[in-house]
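The next block is model-v1.pdb, given as PDB, C-alpha atoms.
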ATOM      1  CA  ASP N   1      71.187 -68.486 125.406  1.00  0.00           C
ATOM      2  CA  ALA N   2      70.005 -72.070 125.022  1.00  0.00           C
ATOM      3  CA  GLY N   3      66.698 -71.357 126.665  1.00  0.00           C
ATOM      4  CA  VAL N   4      65.041 -73.495 129.307  1.00  0.00           C
ATOM      5  CA  ILE N   5      66.306 -77.054 129.023  1.00  0.00           C
ATOM      6  CA  GLN N   6      64.248 -80.026 130.127  1.00  0.00           C
ATOM      7  CA  SER N   7      65.057 -83.690 130.227  1.00  0.00           C
ATOM      8  CA  PRO N   8      64.069 -86.252 129.328  1.00  0.00           C
ATOM      9  CA  ARG N   9      61.984 -85.283 126.316  1.00  0.00           C
ATOM     10  CA  HIS N  10      59.922 -88.432 126.619  1.00  0.00           C
ATOM     11  CA  GLU N  11      59.491 -90.818 129.529  1.00  0.00           C
ATOM     12  CA  VAL N  12      57.602 -94.070 129.509  1.00  0.00           C
ATOM     13  CA  THR N  13      57.356 -95.920 132.780  1.00  0.00           C
ATOM     14  CA  GLU N  14      55.223 -98.426 134.591  1.00  0.00           C
ATOM     15  CA  MET N  15      52.820 -97.655 137.354  1.00  0.00           C
ATOM     16  CA  GLY N  16      54.534 -97.589 140.716  1.00  0.00           C
ATOM     17  CA  GLN N  17      57.916 -96.510 139.403  1.00  0.00           C
ATOM     18  CA  GLU N  18      59.666 -93.324 140.421  1.00  0.00           C
ATOM     19  CA  VAL N  19      59.926 -90.618 137.788  1.00  0.00           C
ATOM     20  CA  THR N  20      62.310 -87.663 137.897  1.00  0.00           C
ATOM     21  CA  LEU N  21      61.980 -84.743 135.525  1.00  0.00           C
ATOM     22  CA  ARG N  22      64.769 -82.210 135.207  1.00  0.00           C
ATOM     23  CA  CYS N  23      64.962 -78.562 134.320  1.00  0.00           C
ATOM     24  CA  LYS N  24      67.687 -75.996 133.765  1.00  0.00           C
ATOM     25  CA  PRO N  25      66.284 -72.460 133.718  1.00  0.00           C
ATOM     26  CA  ILE N  26      67.693 -69.573 131.742  1.00  0.00           C
ATOM     27  CA  SER N  27      70.687 -68.094 133.518  1.00  0.00           C
ATOM     28  CA  GLY N  28      69.746 -65.046 135.541  1.00  0.00           C
ATOM     29  CA  HIS N  29      66.068 -65.920 135.817  1.00  0.00           C
ATOM     30  CA  ASP N  30      65.013 -65.837 139.457  1.00  0.00           C
ATOM     31  CA  TYR N  31      61.661 -67.572 139.004  1.00  0.00           C
ATOM     32  CA  LEU N  32      61.085 -71.158 138.012  1.00  0.00           C
ATOM     33  CA  PHE N  33      57.694 -72.724 137.382  1.00  0.00           C
ATOM     34  CA  TRP N  34      56.528 -76.292 136.869  1.00  0.00           C
ATOM     35  CA  TYR N  35      53.344 -76.718 134.812  1.00  0.00           C
ATOM     36  CA  ARG N  36      51.417 -79.810 133.791  1.00  0.00           C
ATOM     37  CA  GLN N  37      49.344 -79.937 130.601  1.00  0.00           C
ATOM     38  CA  THR N  38      46.550 -82.369 129.840  1.00  0.00           C
ATOM     39  CA  MET N  39      43.621 -82.263 127.472  1.00  0.00           C
ATOM     40  CA  MET N  40      41.148 -82.319 130.320  1.00  0.00           C
ATOM     41  CA  ARG N  41      42.709 -79.751 132.640  1.00  0.00           C
ATOM     42  CA  GLY N  42      44.813 -77.601 130.337  1.00  0.00           C
ATOM     43  CA  LEU N  43      47.931 -75.888 131.700  1.00  0.00           C
ATOM     44  CA  GLU N  44      48.079 -76.179 135.476  1.00  0.00           C
ATOM     45  CA  LEU N  45      50.695 -74.573 137.679  1.00  0.00           C
ATOM     46  CA  LEU N  46      52.119 -77.146 140.064  1.00  0.00           C
ATOM     47  CA  ILE N  47      54.745 -75.194 141.962  1.00  0.00           C
ATOM     48  CA  TYR N  48      57.041 -72.224 141.567  1.00  0.00           C
ATOM     49  CA  PHE N  49      60.342 -71.132 143.081  1.00  0.00           C
ATOM     50  CA  ASN N  50      61.889 -67.742 143.679  1.00  0.00           C
ATOM     51  CA  ASN N  51      65.647 -67.706 144.149  1.00  0.00           C
ATOM     52  CA  ASN N  52      65.592 -71.480 144.658  1.00  0.00           C
ATOM     53  CA  VAL N  53      62.980 -71.287 147.424  1.00  0.00           C
ATOM     54  CA  PRO N  54      59.571 -72.926 146.887  1.00  0.00           C
ATOM     55  CA  ILE N  55      56.976 -70.172 147.170  1.00  0.00           C
ATOM     56  CA  ASP N  56      53.699 -71.836 146.288  1.00  0.00           C
ATOM     57  CA  ASP N  57      53.117 -75.561 145.933  1.00  0.00           C
ATOM     58  CA  SER N  58      49.340 -75.433 146.200  1.00  0.00           C
ATOM     59  CA  GLY N  59      49.021 -76.899 142.719  1.00  0.00           C
ATOM     60  CA  MET N  60      50.923 -80.069 143.531  1.00  0.00           C
ATOM     61  CA  PRO N  61      48.318 -82.819 143.183  1.00  0.00           C
ATOM     62  CA  GLU N  62      49.303 -84.917 146.161  1.00  0.00           C
ATOM     63  CA  ASP N  63      52.165 -86.129 148.290  1.00  0.00           C
ATOM     64  CA  ARG N  64      53.433 -88.347 145.524  1.00  0.00           C
ATOM     65  CA  PHE N  65      54.718 -85.185 143.837  1.00  0.00           C
ATOM     66  CA  SER N  66      57.746 -83.312 145.083  1.00  0.00           C
ATOM     67  CA  ALA N  67      59.975 -80.626 143.608  1.00  0.00           C
ATOM     68  CA  LYS N  68      63.371 -79.297 144.533  1.00  0.00           C
ATOM     69  CA  MET N  69      65.682 -76.566 143.374  1.00  0.00           C
ATOM     70  CA  PRO N  70      69.105 -77.178 144.935  1.00  0.00           C
ATOM     71  CA  ASN N  71      70.695 -74.290 143.035  1.00  0.00           C
ATOM     72  CA  ALA N  72      69.889 -71.528 140.582  1.00  0.00           C
ATOM     73  CA  SER N  73      70.548 -73.688 137.551  1.00  0.00           C
ATOM     74  CA  PHE N  74      68.722 -76.900 138.330  1.00  0.00           C
ATOM     75  CA  SER N  75      65.329 -78.146 139.433  1.00  0.00           C
ATOM     76  CA  THR N  76      63.666 -81.530 139.620  1.00  0.00           C
ATOM     77  CA  LEU N  77      60.092 -82.698 139.758  1.00  0.00           C
ATOM     78  CA  LYS N  78      59.692 -86.163 141.177  1.00  0.00           C
ATOM     79  CA  ILE N  79      56.693 -88.471 141.170  1.00  0.00           C
ATOM     80  CA  GLN N  80      56.858 -91.453 143.485  1.00  0.00           C
ATOM     81  CA  PRO N  81      55.036 -93.731 142.965  1.00  0.00           C
ATOM     82  CA  SER N  82      53.756 -92.843 139.521  1.00  0.00           C
ATOM     83  CA  GLU N  83      50.208 -93.613 138.395  1.00  0.00           C
ATOM     84  CA  PRO N  84      48.587 -93.713 134.942  1.00  0.00           C
ATOM     85  CA  ARG N  85      46.660 -90.505 135.696  1.00  0.00           C
ATOM     86  CA  ASP N  86      49.993 -88.693 135.960  1.00  0.00           C
ATOM     87  CA  SER N  87      50.436 -89.085 132.213  1.00  0.00           C
ATOM     88  CA  ALA N  88      50.777 -85.581 130.810  1.00  0.00           C
ATOM     89  CA  VAL N  89      53.259 -83.115 129.394  1.00  0.00           C
ATOM     90  CA  TYR N  90      55.250 -81.433 132.121  1.00  0.00           C
ATOM     91  CA  PHE N  91      56.686 -78.022 131.340  1.00  0.00           C
ATOM     92  CA  CYS N  92      59.274 -76.053 133.169  1.00  0.00           C
ATOM     93  CA  ALA N  93      59.347 -72.287 132.670  1.00  0.00           C
ATOM     94  CA  SER N  94      61.491 -69.465 133.968  1.00  0.00           C
ATOM     95  CA  SER N  95      61.112 -65.719 134.292  1.00  0.00           C
ATOM     96  CA  PRO N  96      63.577 -62.973 135.187  1.00  0.00           C
ATOM     97  CA  ASN N  97      61.311 -61.174 137.652  1.00  0.00           C
ATOM     98  CA  PRO N  98      57.753 -61.206 139.041  1.00  0.00           C
ATOM     99  CA  THR N  99      56.568 -58.210 137.068  1.00  0.00           C
ATOM    100  CA  ASN N 100      57.550 -59.768 133.784  1.00  0.00           C
ATOM    101  CA  GLU N 101      54.504 -61.426 132.244  1.00  0.00           C
ATOM    102  CA  LYS N 102      56.700 -63.299 129.811  1.00  0.00           C
ATOM    103  CA  LEU N 103      57.490 -66.851 130.799  1.00  0.00           C
ATOM    104  CA  PHE N 104      60.069 -68.816 128.877  1.00  0.00           C
ATOM    105  CA  PHE N 105      59.016 -72.445 128.560  1.00  0.00           C
ATOM    106  CA  GLY N 106      61.142 -75.508 128.012  1.00  0.00           C
ATOM    107  CA  SER N 107      60.246 -78.106 125.406  1.00  0.00           C
ATOM    108  CA  GLY N 108      58.466 -80.212 127.993  1.00  0.00           C
ATOM    109  CA  THR N 109      58.612 -83.831 129.073  1.00  0.00           C
ATOM    110  CA  GLN N 110      55.960 -86.140 127.676  1.00  0.00           C
ATOM    111  CA  LEU N 111      55.282 -88.617 130.483  1.00  0.00           C
ATOM    112  CA  SER N 112      53.405 -91.837 129.903  1.00  0.00           C
ATOM    113  CA  VAL N 113      52.680 -94.064 132.867  1.00  0.00           C
ATOM    114  CA  LEU N 114      51.468 -97.494 131.830  1.00  0.00           C
TER     115      LEU N 114
ATOM    116  CA  GLY L   1      39.513 -67.462 142.019  1.00  0.00           C
ATOM    117  CA  GLN L   2      40.271 -67.157 138.344  1.00  0.00           C
ATOM    118  CA  SER L   3      38.403 -68.499 135.351  1.00  0.00           C
ATOM    119  CA  LEU L   4      39.348 -67.709 131.763  1.00  0.00           C
ATOM    120  CA  GLU L   5      37.138 -68.995 129.015  1.00  0.00           C
ATOM    121  CA  GLN L   6      38.038 -69.262 125.348  1.00  0.00           C
ATOM    122  CA  PRO L   7      36.360 -70.865 122.340  1.00  0.00           C
ATOM    123  CA  SER L   8      37.746 -74.345 121.892  1.00  0.00           C
ATOM    124  CA  GLU L   9      38.295 -74.069 118.171  1.00  0.00           C
ATOM    125  CA  VAL L  10      38.380 -71.447 115.438  1.00  0.00           C
ATOM    126  CA  THR L  11      38.844 -72.027 111.714  1.00  0.00           C
ATOM    127  CA  ALA L  12      39.849 -69.392 109.163  1.00  0.00           C
ATOM    128  CA  VAL L  13      41.368 -69.186 105.705  1.00  0.00           C
ATOM    129  CA  GLU L  14      44.836 -68.065 104.786  1.00  0.00           C
ATOM    130  CA  GLY L  15      45.088 -64.301 104.425  1.00  0.00           C
ATOM    131  CA  ALA L  16      42.042 -63.631 106.565  1.00  0.00           C
ATOM    132  CA  ILE L  17      41.711 -61.940 109.947  1.00  0.00           C
ATOM    133  CA  VAL L  18      40.650 -63.892 113.014  1.00  0.00           C
ATOM    134  CA  GLN L  19      39.785 -62.843 116.541  1.00  0.00           C
ATOM    135  CA  ILE L  20      40.193 -65.155 119.508  1.00  0.00           C
ATOM    136  CA  ASN L  21      38.229 -64.076 122.545  1.00  0.00           C
ATOM    137  CA  CYS L  22      38.996 -64.499 126.213  1.00  0.00           C
ATOM    138  CA  THR L  23      36.405 -63.801 128.879  1.00  0.00           C
ATOM    139  CA  TYR L  24      37.385 -63.989 132.468  1.00  0.00           C
ATOM    140  CA  GLN L  25      36.107 -63.993 136.005  1.00  0.00           C
ATOM    141  CA  THR L  26      38.832 -62.964 138.379  1.00  0.00           C
ATOM    142  CA  SER L  27      39.071 -60.865 141.465  1.00  0.00           C
ATOM    143  CA  GLY L  28      41.871 -58.757 140.056  1.00  0.00           C
ATOM    144  CA  PHE L  29      44.962 -59.193 137.966  1.00  0.00           C
ATOM    145  CA  TYR L  30      47.993 -57.313 136.741  1.00  0.00           C
ATOM    146  CA  GLY L  31      47.435 -57.849 133.041  1.00  0.00           C
ATOM    147  CA  LEU L  32      46.385 -60.195 130.255  1.00  0.00           C
ATOM    148  CA  SER L  33      48.943 -62.228 128.333  1.00  0.00           C
ATOM    149  CA  TRP L  34      48.694 -64.351 125.207  1.00  0.00           C
ATOM    150  CA  TYR L  35      50.722 -67.436 124.356  1.00  0.00           C
ATOM    151  CA  GLN L  36      50.979 -69.548 121.229  1.00  0.00           C
ATOM    152  CA  GLN L  37      51.598 -73.284 121.271  1.00  0.00           C
ATOM    153  CA  HIS L  38      52.166 -75.435 118.203  1.00  0.00           C
ATOM    154  CA  ASP L  39      51.379 -79.131 118.378  1.00  0.00           C
ATOM    155  CA  GLY L  40      54.090 -80.887 120.313  1.00  0.00           C
ATOM    156  CA  GLY L  41      55.755 -77.599 121.179  1.00  0.00           C
ATOM    157  CA  ALA L  42      56.103 -75.303 124.126  1.00  0.00           C
ATOM    158  CA  PRO L  43      53.964 -72.250 124.823  1.00  0.00           C
ATOM    159  CA  THR L  44      55.642 -69.083 123.597  1.00  0.00           C
ATOM    160  CA  PHE L  45      54.822 -65.548 124.629  1.00  0.00           C
ATOM    161  CA  LEU L  46      52.992 -63.363 122.120  1.00  0.00           C
ATOM    162  CA  SER L  47      51.761 -60.223 123.840  1.00  0.00           C
ATOM    163  CA  TYR L  48      50.775 -58.533 127.068  1.00  0.00           C
ATOM    164  CA  ASN L  49      48.167 -55.916 127.978  1.00  0.00           C
ATOM    165  CA  ALA L  50      48.703 -54.174 131.281  1.00  0.00           C
ATOM    166  CA  LEU L  51      46.196 -51.455 130.472  1.00  0.00           C
ATOM    167  CA  ASP L  52      42.926 -51.342 128.591  1.00  0.00           C
ATOM    168  CA  GLY L  53      43.248 -50.881 124.883  1.00  0.00           C
ATOM    169  CA  LEU L  54      45.023 -52.328 121.914  1.00  0.00           C
ATOM    170  CA  GLU L  55      48.627 -53.525 121.746  1.00  0.00           C
ATOM    171  CA  GLU L  56      50.059 -54.250 118.324  1.00  0.00           C
ATOM    172  CA  THR L  57      52.980 -56.517 117.530  1.00  0.00           C
ATOM    173  CA  GLY L  58      53.341 -57.067 113.822  1.00  0.00           C
ATOM    174  CA  ARG L  59      50.467 -59.168 112.489  1.00  0.00           C
ATOM    175  CA  PHE L  60      49.221 -59.818 116.003  1.00  0.00           C
ATOM    176  CA  SER L  61      47.260 -57.407 118.184  1.00  0.00           C
ATOM    177  CA  SER L  62      45.801 -57.907 121.625  1.00  0.00           C
ATOM    178  CA  PHE L  63      43.026 -56.010 123.331  1.00  0.00           C
ATOM    179  CA  LEU L  64      41.870 -55.712 126.925  1.00  0.00           C
ATOM    180  CA  SER L  65      38.758 -54.210 128.480  1.00  0.00           C
ATOM    181  CA  ARG L  66      38.721 -54.635 132.240  1.00  0.00           C
ATOM    182  CA  SER L  67      35.258 -53.107 132.561  1.00  0.00           C
ATOM    183  CA  ASP L  68      33.900 -55.785 130.246  1.00  0.00           C
ATOM    184  CA  SER L  69      36.074 -58.600 131.690  1.00  0.00           C
ATOM    185  CA  TYR L  70      37.104 -59.341 128.142  1.00  0.00           C
ATOM    186  CA  GLY L  71      40.099 -59.504 125.929  1.00  0.00           C
ATOM    187  CA  TYR L  72      40.993 -60.794 122.502  1.00  0.00           C
ATOM    188  CA  LEU L  73      43.872 -61.676 120.255  1.00  0.00           C
ATOM    189  CA  LEU L  74      43.629 -60.494 116.664  1.00  0.00           C
ATOM    190  CA  LEU L  75      45.655 -62.222 113.978  1.00  0.00           C
ATOM    191  CA  GLN L  76      45.878 -60.552 110.579  1.00  0.00           C
ATOM    192  CA  GLU L  77      47.070 -61.839 107.234  1.00  0.00           C
ATOM    193  CA  LEU L  78      46.760 -65.380 108.462  1.00  0.00           C
ATOM    194  CA  GLN L  79      49.417 -67.836 107.408  1.00  0.00           C
ATOM    195  CA  MET L  80      49.404 -71.618 107.570  1.00  0.00           C
ATOM    196  CA  LYS L  81      52.082 -71.475 110.249  1.00  0.00           C
ATOM    197  CA  ASP L  82      49.616 -69.653 112.526  1.00  0.00           C
ATOM    198  CA  SER L  83      47.755 -72.942 112.993  1.00  0.00           C
ATOM    199  CA  ALA L  84      48.310 -73.554 116.693  1.00  0.00           C
ATOM    200  CA  SER L  85      46.662 -73.281 120.073  1.00  0.00           C
ATOM    201  CA  TYR L  86      46.380 -69.871 121.675  1.00  0.00           C
ATOM    202  CA  PHE L  87      46.054 -69.271 125.403  1.00  0.00           C
ATOM    203  CA  CYS L  88      45.168 -66.177 127.341  1.00  0.00           C
ATOM    204  CA  ALA L  89      46.622 -65.895 130.828  1.00  0.00           C
ATOM    205  CA  VAL L  90      46.445 -63.631 133.846  1.00  0.00           C
ATOM    206  CA  ARG L  91      48.624 -63.049 136.879  1.00  0.00           C
ATOM    207  CA  PRO L  92      46.182 -62.547 139.744  1.00  0.00           C
ATOM    208  CA  ILE L  93      46.900 -59.922 142.384  1.00  0.00           C
ATOM    209  CA  THR L  94      45.656 -62.085 145.251  1.00  0.00           C
ATOM    210  CA  GLY L  95      46.510 -65.668 146.015  1.00  0.00           C
ATOM    211  CA  GLY L  96      50.048 -65.358 144.772  1.00  0.00           C
ATOM    212  CA  GLY L  97      50.918 -62.497 142.474  1.00  0.00           C
ATOM    213  CA  ASN L  98      53.528 -64.439 140.583  1.00  0.00           C
ATOM    214  CA  LYS L  99      51.299 -67.278 139.410  1.00  0.00           C
ATOM    215  CA  LEU L 100      50.349 -67.103 135.744  1.00  0.00           C
ATOM    216  CA  THR L 101      46.971 -68.798 135.240  1.00  0.00           C
ATOM    217  CA  PHE L 102      46.080 -69.960 131.754  1.00  0.00           C
ATOM    218  CA  GLY L 103      42.777 -70.080 129.930  1.00  0.00           C
ATOM    219  CA  THR L 104      41.253 -73.131 128.347  1.00  0.00           C
ATOM    220  CA  GLY L 105      42.964 -72.525 125.016  1.00  0.00           C
ATOM    221  CA  THR L 106      41.722 -72.058 121.444  1.00  0.00           C
ATOM    222  CA  GLN L 107      42.870 -74.255 118.615  1.00  0.00           C
ATOM    223  CA  LEU L 108      43.210 -72.215 115.439  1.00  0.00           C
ATOM    224  CA  LYS L 109      43.097 -73.997 112.122  1.00  0.00           C
ATOM    225  CA  VAL L 110      44.183 -72.040 109.081  1.00  0.00           C
ATOM    226  CA  GLU L 111      42.990 -73.470 105.784  1.00  0.00           C
ATOM    227  CA  LEU L 112      43.916 -72.727 102.192  1.00  0.00           C
TER     228      LEU L 112
END
Conversion result in structure tokens:
Amino acid sequence: DAGVIQSPRHEVTEMGQEVTLRCKPISGHDYLFWYRQTMMRGLELLIYFNNNVPIDDSGMPEDRFSAKMPNASFSTLKIQPSEPRDSAVYFCASSPNPTNEKLFFGSGTQLSVL
Amino acid sequence: GQSLEQPSEVTAVEGAIVQINCTYQTSGFYGLSWYQQHDGGAPTFLSYNALDGLEETGRFSSFLSRSDSYGYLLLQELQMKDSASYFCAVRPITGGGNKLTFGTGTQLKVEL
């Protein structure tokens, strides 16, 4: 299995632009998580899906952030409009079931908003 | 809520043993996990303690004491490649049982 695949690996954009991050979970994993990592705040859970349905989006910073999972093999995290404080590494992770403590993380997207 | 505290940095020499502590304040959780993250890399799962006691996986061991609100990761026979950040994490029972919450992270530096 190729693991969790994220794209792009790096994204540099200007403030005000729309940013879309993409994730393909491991086949057969019912849970998908979006995390954000910064030096100041560490690893923060933004939102997670179960069987393509958003279950908890309480970690989404504000309305500028949105996430979708149109099918079992694809999810997007969108920031519109982007701001410099959104600069971070965004990780997608998947898990086969809720009792499995083992999350499989993608390589992350390093986002820089200028 | 959940709060997991770890030392920010630990330094040790190659071949030594190092313990990375995790103290937590949480209303209840299913178990304590540990993840490793190399610079520029993704977090990868190391171990999980559902019950109190010691779990051993090769050179790495993890310990949990719920009564003491404390856990640790023990790394033996340190190698240079063990230089990385290590995170403890819990999945709280309330507020969303599927949400894995991570600690502040400990950067381990292994020196010659």
Report as a tab-separated table: every residue of chain L with an atom at most 6 Å from chain N, its closest pair of atoms, and their distance in Å to one decimal, counting all atoms listed in the file, with rows sorted by chain and ascending residue number.
residue	atom	partner	partner_atom	distance
L:Ala42	CA	N:Ser107	CA	5.2
L:Phe45	CA	N:Lys102	CA	6.0
L:Asn98	CA	N:Pro98	CA	5.5
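Here CA of Gln17 (chain N) stands at a distance of 5.5 Å from CA of Ser82 (chain N).
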- Query: Of the candidates L:Cys88, L:Leu78, L:Lys99, L:Ile93, which one gets nearest to Glu14 (chain L) if we count all atoms listed in the file?
  - Reply: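 Answer, going by the shortest atom-to-atom distance: L:Leu78.
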- Message: List as a VMD selection string the protein and nucleic acid residues near His10 (chain N), meaning an atom at most 12 Å away when only C-alpha atoms are counted, but skip any in the same chain fewer than 4 places from it.
- Response: (chain N and resid 6 19 to 22 87 to 91 107 to 113) or (chain L and resid 40)
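For the atom pair formed by CA of Leu112 (chain L) and CA of Thr11 (chain L), the distance is 10.8 Å, given to one decimal.
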Determine, counting only C-alpha atoms, which protein, DNA and RNA residues have an atom within 12 Å of an atom of Phe65 (chain N); residues of the same chain fewer than 4 positions away are not included. Present the result as an mmCIF file with C-alpha atoms, in the frame of the given file.
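Output saved as selection14.cif:
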data_model
loop_
_atom_site.group_PDB
_atom_site.id
_atom_site.type_symbol
_atom_site.label_atom_id
_atom_site.label_comp_id
_atom_site.auth_asym_id
_atom_site.auth_seq_id
_atom_site.Cartn_x
_atom_site.Cartn_y
_atom_site.Cartn_z
ATOM 1 C CA GLU N 18 59.666 -93.324 140.421
ATOM 2 C CA VAL N 19 59.926 -90.618 137.788
ATOM 3 C CA THR N 20 62.310 -87.663 137.897
ATOM 4 C CA LEU N 21 61.980 -84.743 135.525
ATOM 5 C CA TRP N 34 56.528 -76.292 136.869
ATOM 6 C CA ARG N 36 51.417 -79.810 133.791
ATOM 7 C CA LEU N 46 52.119 -77.146 140.064
ATOM 8 C CA ILE N 47 54.745 -75.194 141.962
ATOM 9 C CA ASP N 57 53.117 -75.561 145.933
ATOM 10 C CA SER N 58 49.340 -75.433 146.200
ATOM 11 C CA GLY N 59 49.021 -76.899 142.719
ATOM 12 C CA MET N 60 50.923 -80.069 143.531
ATOM 13 C CA PRO N 61 48.318 -82.819 143.183
ATOM 14 C CA THR N 76 63.666 -81.530 139.620
ATOM 15 C CA LEU N 77 60.092 -82.698 139.758
ATOM 16 C CA LYS N 78 59.692 -86.163 141.177
ATOM 17 C CA ILE N 79 56.693 -88.471 141.170
ATOM 18 C CA GLN N 80 56.858 -91.453 143.485
ATOM 19 C CA PRO N 81 55.036 -93.731 142.965
ATOM 20 C CA SER N 82 53.756 -92.843 139.521
ATOM 21 C CA GLU N 83 50.208 -93.613 138.395
ATOM 22 C CA ASP N 86 49.993 -88.693 135.960
#
- Query: Within 10 Å of (69.2, -67.9, 136.9), only C-alpha atoms: residues as JSON, numbers by chain?
  - Reply: {"N": [24, 25, 26, 27, 28, 29, 30, 31, 32, 50, 51, 52, 71, 72, 73, 74, 94, 95, 96]}
- Mind pulling up the distance from CA of Leu74 (chain L) to CA of Val90 (chain L)? 17.7 Å
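Minimum atom-to-atom distance to Leu114 (chain N), evaluated using all atoms listed in the file, belongs to N:Met15 out of N:Met15, N:Asp63, N:Ala2, N:Ser7.
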Near-Ser83 (chain L) list (7 Å; all atoms listed in the file; drop same-chain fewer than 4 positions) as a PDB file with C-alpha atoms, keeping the file's coordinate frame:
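Produced file out_38.pdb, reproduced below:
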ATOM      1  CA  LEU L 108      43.210 -72.215 115.439  1.00  0.00           C
ATOM      2  CA  LYS L 109      43.097 -73.997 112.122  1.00  0.00           C
ATOM      3  CA  VAL L 110      44.183 -72.040 109.081  1.00  0.00           C
TER       4      VAL L 110
END
- Using the chain letters and residue numbers of this document, give as a list in words the residues selected by the PyMOL selection byres ((chain L and resi 75) around 10).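 Taken on the displayed file, the PyMOL selection byres ((chain L and resi 75) around 10) yields the residues Gly15, Ala16, Ile17, Val18, Gln19, Ile20, Thr57, Gly58, Arg59, Phe60, Ser61, Ser62, Tyr72, Leu73, Leu74, Gln76, Glu77, Leu78, Gln79 and Asp82 of chain L.
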Quick one: residues within 10 Å of Ser65 (chain L), only C-alpha atoms, excluding same-chain residues fewer than 3 positions away - as a PDB file with C-alpha atoms, in the coordinates of the input?
ATOM      1  CA  THR L  23      36.405 -63.801 128.879  1.00  0.00           C
ATOM      2  CA  LEU L  32      46.385 -60.195 130.255  1.00  0.00           C
ATOM      3  CA  ASN L  49      48.167 -55.916 127.978  1.00  0.00           C
ATOM      4  CA  LEU L  51      46.196 -51.455 130.472  1.00  0.00           C
ATOM      5  CA  ASP L  52      42.926 -51.342 128.591  1.00  0.00           C
ATOM      6  CA  GLY L  53      43.248 -50.881 124.883  1.00  0.00           C
ATOM      7  CA  LEU L  54      45.023 -52.328 121.914  1.00  0.00           C
ATOM      8  CA  ASP L  68      33.900 -55.785 130.246  1.00  0.00           C
ATOM      9  CA  SER L  69      36.074 -58.600 131.690  1.00  0.00           C
ATOM     10  CA  TYR L  70      37.104 -59.341 128.142  1.00  0.00           C
ATOM     11  CA  GLY L  71      40.099 -59.504 125.929  1.00  0.00           C
ATOM     12  CA  TYR L  72      40.993 -60.794 122.502  1.00  0.00           C
TER      13      TYR L  72
END
Which residues, named as in the file, does the PyMOL selection byres ((chain L and resi 3) around 9) pick out? Answer as a JSON list (two decimals) with C-alpha atoms, in the frame of the given file.
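As a result, expr_37.json now contains:
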[["chain", "number", "residue", "atom", "x", "y", "z"],
["L", 1, "GLY", "CA", 39.51, -67.46, 142.02],
["L", 2, "GLN", "CA", 40.27, -67.16, 138.34],
["L", 4, "LEU", "CA", 39.35, -67.71, 131.76],
["L", 5, "GLU", "CA", 37.14, -69.00, 129.01],
["L", 23, "THR", "CA", 36.40, -63.80, 128.88],
["L", 24, "TYR", "CA", 37.38, -63.99, 132.47],
["L", 25, "GLN", "CA", 36.11, -63.99, 136.00],
["L", 26, "THR", "CA", 38.83, -62.96, 138.38],
["L", 101, "THR", "CA", 46.97, -68.80, 135.24],
["L", 102, "PHE", "CA", 46.08, -69.96, 131.75],
["L", 103, "GLY", "CA", 42.78, -70.08, 129.93],
["L", 104, "THR", "CA", 41.25, -73.13, 128.35]]
